[in-house]
Amino acid sequence: MLGKLSWQAIPFNEPIPLFSGAAVALILLGVLVWVVLRGYVPYLWREWITSVDHKRIGIMYMLLAAVMLLRGFIDAIMLRGQQAVAFHSMGYLPPSHFDQIFSAHGTIMIFFMAMPFVIGLMNLIVPLQLGVRDVAFPTLNSVSFWLNAAGALLVNVSLVIGEFSRTGWLPYPPLAELRYSPGVGVDYYCWAIQISGIGTVMTGINFVTTILKMRAPGMSYTRMPMFCWTALASNLLIIAAFPILTATLAMLLLDRYLDFHFFTDTAGGNSMMFMNLIWAWGHPEVYILVLPAFGIYSEVVSTFSGKPLFGYRSMVIATMAICIISFMVWLHHFFTMGAGPEVNAVFGIASMIIAVPTGVKIFNWMFTMYGGRVRFTSPLLWSIGFMVSFVIGGLTGVLVAIPSADFQLHNSLFLVAHFHNTIIPGVVFAAFAGYTYWFPKAFGFTLDERLGKWAFWLWLIGFWVAWAPGYVVGLEGMTRRLQHYDDPQWRPWLLLAALGVTILLAGIAVQIWQLIHSIRTREQRRDLTGDPWNGRNLEWATSSPPPVFNFAVLPNVTDQEPYWDVKQQALKALQLVTPEPQYQPIEMPRNSPTGFVTAFFATVTGFALIWHIWWLVILGLIGAYVTFVIFAWRDHPEFVIPAEEVARLDRANREARADYLRELAR
Amino acid sequence: MSTEVLRAPPDPYHLGHRPASANAPPQVTGHGAGGPAPKRIVVGYGFWIFLLSDVVIFASLFATYAVLFKNTAGGPTSEQLYDLRNTALETACLLASTFTCALASIAVGERSQKWTQIALACTGLLGAAFLSLEAREFASFVARGAGPSRSAFLSAFFTLVGCHGVHVSAGMLWLGTMMAQFYAKGFRRDIRHRFLCFTLFWHALDIIWVAIFSLVYLVGTEPRQFLP
Amino acid sequence: MSTESPDPREYHYQAGSYIGEDRPPGAAPDAGEHTVRREVHGYLLGLALAAGLTIASFWVSHTGVVYGPALAVALLVLAVAQMGIHLIFFLHITTDPDNTNNILALAFGVLIVCLIVFGSIWVMTHMNHNMMPMSELIQHQP
């Protein structure tokens, strides 16, 4: 009746997952009870869960990412802790647990922390910067978010019901095949990623269409902000790469469920094909993460240098070049698998070439700062920390791009240090910079700047203390994913790495405190005008937070940095230069529970597939299809905001800005 | 909010198919600088991008099929299994259904309920014929011990051709829904947009079938020594 | 936004309007005279060409007309030609500037497909050449 599911799925005899699962369950229950008792449920349902507003969806994505950052970081603490103590000893994590933890750490950090953070920031900001009201397909946007959340939920459920995969963050066969991984772990992984992968592809479709077909009047391609260009490149990569992941995991699932032989070690299967396909996705994936990060840095650096971005056209060309070349380097992830010197050479050279456009970008950011009036706020500190750290990480990347060097360094800690050195300063620092920079736009008040700077320094120092030793032990021969080790030469470095992780923990604690403290003292840092940083692009033309329709009248764009020009004119005249527009009623898409309900059925179906509960699978699929038909059948997808309401909200924004100008005039 | 549309740059290479006329309003085409596009274009383009992502899935499956083609594990090979007459019939059905789908789009353009339903019904019948031929072929393979579990080659074949079949089945469900919506709600704008997406989908499925019958069935039945 | 006398090189667009149309992919061009007759003729021509190419593919693969080892390439070329016929006649993809975005998306897709298919074949052919077959590997395991 319940397939493979039984009471034995719950880890009663394993203290760590049992206690952590119980703790999480209690916390969740507590939050739910508090929400219900305080009567927040109708508000949450109406304003957030069923929302199709890109700003709300973006905030929810980032909330998901923040929670998953905590989970992934706890995994990291456990890993570093194990490696610190497991010298001539088995440590405190048995191998089967250790394997699940490093698999979960990678999976969560990439799929459910980095992706949601980056997609969340794109959701929040891209329509505002393009000067439009919402993305091309708002309800699809909601479905995307909730499917991502469903995937994250499944991965976390595996902590308490069943087990997670032990194959690393990418399930290589033959280990991931049924014969060598008969448990449910790999199934949890595959179904969670498939479900969230569908959501991500939908996001890609949504944003490519929005950026190419929906921009403010007059906003030609060369007038688009840099963040929108990088968002375009990233979403093109999503559309091109994620289907490969879907197909490859589907083939693995067919092997596991229906006895197919794509990657098995019998009946002619070829495991190497899995590595080939999965990395054809995997390499574009890291560029999907890092390109919007580069876009964030472009925005932050130009705003806090008080100068337009240096070399806009070269930035655009570099971004699109990275987009295309990222599809031509994937074999560098498996130089040692045996393709031979001719093939290795081609991909090695391509991998070195792809470093060039990134170098162009670094120079452009430096030249943007040079000669500018630089304000060392915490977003800019994150950017400078990135520039220095990422260059080093990129250099080690060029090093491992040489096939002969890679034969020594493949799967060593050197490699692990390299990719943490590019992802953490590249993506995570950008996430924090973007979070601080755009927080006032989303919520109407800035974060505490002093605590933000403390968090930055703790992160920067902690990161280097944690990962510089990785390069050293990698060169000394330490392989990745070791549950215990005997080489005394590595020991001091691993202890140092554990210290580094503690410093990072302090950094995260400061960030949590920063958020709590900033909310409590928010009245002191209200953003009244909507433009707290003296910004340059259109998102700063709206109030903070913007009204649901973003702009009462779509702005006319006549140049790059349209908001900056209008602002300079207004500051010179010390009054608003644009006359009050003629307000029209505005049609906005209606909220819809489609996303939430579809994701509910997706979770049910995924769980049922994992545990082989076939009748539940069918019910779940029918439920999802019925939801879709009900959505497709509705007659009134939009509602009208009357002109008076539009006028009221827009006038408040104009008043606030006029007040500010009058203050200046005094 | 008085604004004027001023002279747009002329089209010196006359790349468009429009009559070049001095009195024609200036066109800002393809560069999106006139503001957000109308819904029809947004919906159509979004679906075009979705089709791109679908084509990438098929590309991965094609690549896998090509790589695993020779891994027959001592079991049946392509020339022992593929029946080209069946393939020719399936191709004819699908090509004809693409044509009837195109006729349906003319009918929708003319807002003729009768011809829309007739053309869509023909498309559906031809699609159903295709699916039944394919199901029969799969069943016969399985009966001969050449099911997907027999070898890597057969796994790849069943998945590639089966994935196309699953897409055709989903298309049939969609077709039925479109017929019902046209019947119940007439030629409302959003339903016509959805139908535009459906025609894109159906034509794309025939394009993929062209690749399948050429590179799977025809290449698979050529003499072995000529295979690359 | 500002309403001074405009620079003749600048374009002022009425906010919210859309001047000039892109064509969505799949939609028949609606400029110029077209009648049901012409549309049907267009689709019939597409059908005929596609059917012709299909028959050619079947024929080519079963007569000795094409040099043996080149057969797969010939079939690939015929398949690509037929896909082109579908794109032009049924999906109305043209070189009109109002189709630019559609063509760019198509070109991007074609690039990705080629990279995946030919890249994988190239890589895996080399791998298979250099690596011991799985069945032998299993035999050598302790």
# chains A, B, ... in the order shown; residues from 1 in each chain; ligands from 1
$ residues_around --residues "Leu254 (chain A)" --least-positions-apart "3" --cutoff "12 Å" --atoms "only C-alpha atoms" --output "list in words"
Glu177, Leu178, Asp187, Cys190, Trp191, Ala247, Thr248, Leu249, Ala250, Met251, Tyr257, Leu258, Asp259, Phe260, His261, Phe262, Phe263 and Thr264 of chain A; Pro148, Ser149, Ala152, Ser155, Ala156, Phe158 and Thr159 of chain B
$ interface_residues --of "chain A" --to "chain B" --cutoff "9 Å" --atoms "only C-alpha atoms" --output "PyMOL selection string"
chain A and resi 132+136-137+201-202+204-206+208-210+212-221+238-248+251+254-255+258-264+266-270+273+277+554+556-557+581-582+629+633
$ closest_residue --among "A:Trp540, A:Phe164, A:Phe631, A:Tyr563" --to "chain C" --atoms "only C-alpha atoms"
A:Tyr563
$ residues_around --residues "Gln82 (chain A)" --least-positions-apart "4" --cutoff "7 Å" --atoms "only C-alpha atoms" --output "list in words"
Met78, Ala86, Gly91, Tyr92 and Leu93 of chain A
$ write_last_selection --atoms "N, CA and C atoms" --output "tab-separated table (two decimals), in the first residue's frame"
chain	number	residue	atom	x	y	z
A	78	MET	N	29.86	20.49	9.70
A	78	MET	CA	30.03	19.09	10.06
A	78	MET	C	31.17	18.45	9.28
A	86	ALA	N	39.33	13.64	12.32
A	86	ALA	CA	39.45	12.25	11.87
A	86	ALA	C	40.85	11.91	11.42
A	91	GLY	N	36.60	9.60	13.50
A	91	GLY	CA	35.82	10.81	13.70
A	91	GLY	C	34.46	10.50	14.29
A	92	TYR	N	33.53	11.44	14.15
A	92	TYR	CA	32.22	11.26	14.76
A	92	TYR	C	31.13	10.97	13.75
A	93	LEU	N	31.48	11.01	12.45
A	93	LEU	CA	30.49	10.75	11.40
A	93	LEU	C	30.85	9.46	10.70
$ select_by_dssp --residues "region 19-215 of chain A" --states "alpha helix (DSSP H)" --output "ChimeraX atom specification"
/A:19-37,41-44,54-85,95-107,115-130,138-157,185-213
$ write_last_selection --atoms "C-alpha atoms" --output "compact mmCIF listing (two decimals), in the first residue's frame"
# COMPACT_ATOMS: atom_id res chain seq x y z
CA PHE A 19 17.84 15.19 16.76
CA SER A 20 18.39 17.68 13.97
CA GLY A 21 15.19 16.53 12.29
CA ALA A 22 13.30 16.84 15.55
CA ALA A 23 14.73 20.31 16.14
CA VAL A 24 13.74 21.49 12.67
CA ALA A 25 10.28 19.98 13.02
CA LEU A 26 9.77 21.75 16.34
CA ILE A 27 10.92 25.08 14.96
CA LEU A 28 8.67 24.72 11.91
CA LEU A 29 5.74 23.74 14.07
CA GLY A 30 6.38 26.69 16.35
CA VAL A 31 6.46 29.12 13.44
CA LEU A 32 3.28 27.66 11.96
CA VAL A 33 1.44 27.84 15.26
CA TRP A 34 2.55 31.44 15.78
CA VAL A 35 1.43 32.40 12.26
CA VAL A 36 -1.97 30.77 12.71
CA LEU A 37 -2.59 32.16 16.18
CA VAL A 41 -2.72 33.11 7.36
CA PRO A 42 -5.20 35.08 5.21
CA TYR A 43 -2.61 37.83 4.71
CA LEU A 44 0.12 35.36 3.81
CA HIS A 54 7.64 39.54 -9.46
CA LYS A 55 8.81 41.54 -6.44
CA ARG A 56 7.09 39.28 -3.95
CA ILE A 57 8.23 36.16 -5.76
CA GLY A 58 11.80 37.47 -5.80
CA ILE A 59 11.71 38.03 -2.04
CA MET A 60 10.36 34.52 -1.45
CA TYR A 61 13.14 33.05 -3.60
CA MET A 62 15.71 34.86 -1.46
CA LEU A 63 14.07 33.71 1.71
CA LEU A 64 14.30 30.12 0.46
CA ALA A 65 17.95 30.70 -0.39
CA ALA A 66 18.70 32.15 3.03
CA VAL A 67 17.15 29.20 4.86
CA MET A 68 18.98 26.74 2.61
CA LEU A 69 22.21 28.65 3.18
CA LEU A 70 21.87 27.85 6.85
CA ARG A 71 21.23 24.17 6.17
CA GLY A 72 24.10 23.92 3.67
CA PHE A 73 26.43 25.77 6.01
CA ILE A 74 25.63 23.45 8.90
CA ASP A 75 26.58 20.60 6.58
CA ALA A 76 29.86 22.43 5.88
CA ILE A 77 30.59 22.79 9.60
CA MET A 78 30.03 19.09 10.06
CA LEU A 79 32.34 18.23 7.17
CA ARG A 80 35.16 20.48 8.33
CA GLY A 81 34.65 19.27 11.87
CA GLN A 82 34.93 15.66 10.79
CA GLN A 83 38.10 16.28 8.80
CA ALA A 84 39.62 18.22 11.69
CA VAL A 85 39.24 15.31 14.12
CA PRO A 95 31.15 6.98 6.35
CA SER A 96 27.56 6.47 5.28
CA HIS A 97 26.61 9.73 7.00
CA PHE A 98 29.65 11.61 5.85
CA ASP A 99 28.84 10.69 2.27
CA GLN A 100 25.27 11.92 2.62
CA ILE A 101 26.43 15.16 4.17
CA PHE A 102 28.88 16.15 1.46
CA SER A 103 26.29 15.18 -1.16
CA ALA A 104 23.62 17.26 0.55
CA HIS A 105 26.00 20.17 1.08
CA GLY A 106 26.80 20.48 -2.61
CA THR A 107 23.29 19.81 -3.83
CA MET A 115 20.21 29.41 -7.89
CA PRO A 116 17.27 30.77 -5.85
CA PHE A 117 19.33 33.72 -4.61
CA VAL A 118 20.37 34.73 -8.11
CA ILE A 119 16.95 34.06 -9.62
CA GLY A 120 15.34 35.96 -6.75
CA LEU A 121 17.42 39.06 -7.37
CA MET A 122 16.67 38.87 -11.09
CA ASN A 123 12.97 38.55 -10.32
CA LEU A 124 12.99 41.54 -8.02
CA ILE A 125 15.04 43.91 -10.12
CA VAL A 126 14.94 43.11 -13.84
CA PRO A 127 11.37 44.31 -14.55
CA LEU A 128 12.05 47.46 -12.51
CA GLN A 129 15.23 48.18 -14.45
CA LEU A 130 13.50 47.51 -17.76
CA PRO A 138 3.53 36.19 -14.09
CA THR A 139 1.62 33.07 -13.12
CA LEU A 140 4.31 30.88 -14.66
CA ASN A 141 6.73 32.81 -12.47
CA SER A 142 4.80 31.77 -9.39
CA VAL A 143 4.78 28.15 -10.57
CA SER A 144 8.56 28.33 -11.05
CA PHE A 145 9.13 29.49 -7.51
CA TRP A 146 6.89 26.94 -5.89
CA LEU A 147 8.38 24.08 -7.90
CA ASN A 148 11.82 25.15 -6.70
CA ALA A 149 10.54 25.20 -3.15
CA ALA A 150 9.05 21.72 -3.68
CA GLY A 151 12.46 20.40 -4.71
CA ALA A 152 14.07 21.95 -1.64
CA LEU A 153 11.37 20.42 0.54
CA LEU A 154 11.99 16.94 -0.82
CA VAL A 155 15.73 17.18 -0.19
CA ASN A 156 15.10 18.24 3.38
CA VAL A 157 12.49 15.55 3.96
CA GLY A 185 18.83 8.42 -1.59
CA VAL A 186 19.59 8.81 -5.28
CA ASP A 187 15.86 8.82 -6.03
CA TYR A 188 15.33 11.70 -3.58
CA TYR A 189 18.08 13.61 -5.31
CA CYS A 190 16.86 12.92 -8.85
CA TRP A 191 13.20 13.73 -8.30
CA ALA A 192 13.95 16.86 -6.26
CA ILE A 193 16.24 18.15 -9.00
CA GLN A 194 13.85 17.21 -11.80
CA ILE A 195 10.97 19.06 -10.15
CA SER A 196 12.98 22.18 -9.39
CA GLY A 197 14.62 21.93 -12.82
CA ILE A 198 11.25 22.30 -14.52
CA GLY A 199 10.69 25.44 -12.46
CA THR A 200 14.06 26.81 -13.45
CA VAL A 201 13.50 26.25 -17.19
CA MET A 202 10.22 28.13 -16.87
CA THR A 203 12.13 31.00 -15.27
CA GLY A 204 14.54 30.98 -18.20
CA ILE A 205 11.69 31.18 -20.72
CA ASN A 206 10.03 33.94 -18.72
CA PHE A 207 13.06 36.17 -18.46
CA VAL A 208 14.36 35.76 -22.00
CA THR A 209 10.92 36.73 -23.29
CA THR A 210 10.67 39.65 -20.87
CA ILE A 211 14.09 41.06 -21.66
CA LEU A 212 13.76 40.67 -25.42
CA LYS A 213 10.11 41.66 -25.86
$ closest_residue --among "B:Ala104, B:Met179, B:Val210, B:Ala143" --to "chain C" --atoms "only C-alpha atoms"
B:Val210
$ residues_around --residues "Thr479 (chain A)" --least-positions-apart "5" --cutoff "7 Å" --atoms "only C-alpha atoms" --output "ChimeraX atom specification"
/A:411-413,474
$ write_last_selection --atoms "N, CA and C atoms" --output "tab-separated table (two decimals), in the first residue's frame"
chain	number	residue	atom	x	y	z
A	411	ASN	N	40.15	16.14	-8.69
A	411	ASN	CA	39.56	15.53	-7.49
A	411	ASN	C	40.42	15.64	-6.25
A	412	SER	N	41.39	16.55	-6.26
A	412	SER	CA	42.12	16.82	-5.04
A	412	SER	C	41.48	18.02	-4.35
A	413	LEU	N	41.98	18.34	-3.16
A	413	LEU	CA	41.47	19.52	-2.47
A	413	LEU	C	41.81	20.81	-3.21
A	474	GLY	N	45.87	20.16	-1.19
A	474	GLY	CA	45.65	19.58	-2.51
A	474	GLY	C	46.95	19.29	-3.21
$ atom_distance --atom1 "CA of His420 (chain A)" --atom2 "CA of Trp281 (chain A)"
18.8 Å
$ atom_distance --atom1 "CA of His126 (chain C)" --atom2 "CA of Asp265 (chain A)"
18.9 Å
$ closest_residue --among "C:Met132, C:Ala48, C:Met124, C:Leu87" --to "Leu200 (chain B)" --atoms "only C-alpha atoms"
C:Leu87
$ atom_distance --atom1 "CA of Leu458 (chain A)" --atom2 "CA of Ser305 (chain A)"
23.9 Å
$ residues_around --residues "region 62-77 of chain C" --least-positions-apart "6" --cutoff "12 Å" --atoms "only C-alpha atoms" --output "PyMOL selection string"
(chain B and resi 66+84+210-228) or (chain C and resi 53-56+83-84)
$ closest_residue --among "B:Trp209, B:Phe99, B:Phe198, B:Phe182" --to "Leu47 (chain C)" --atoms "only C-alpha atoms"
B:Phe99
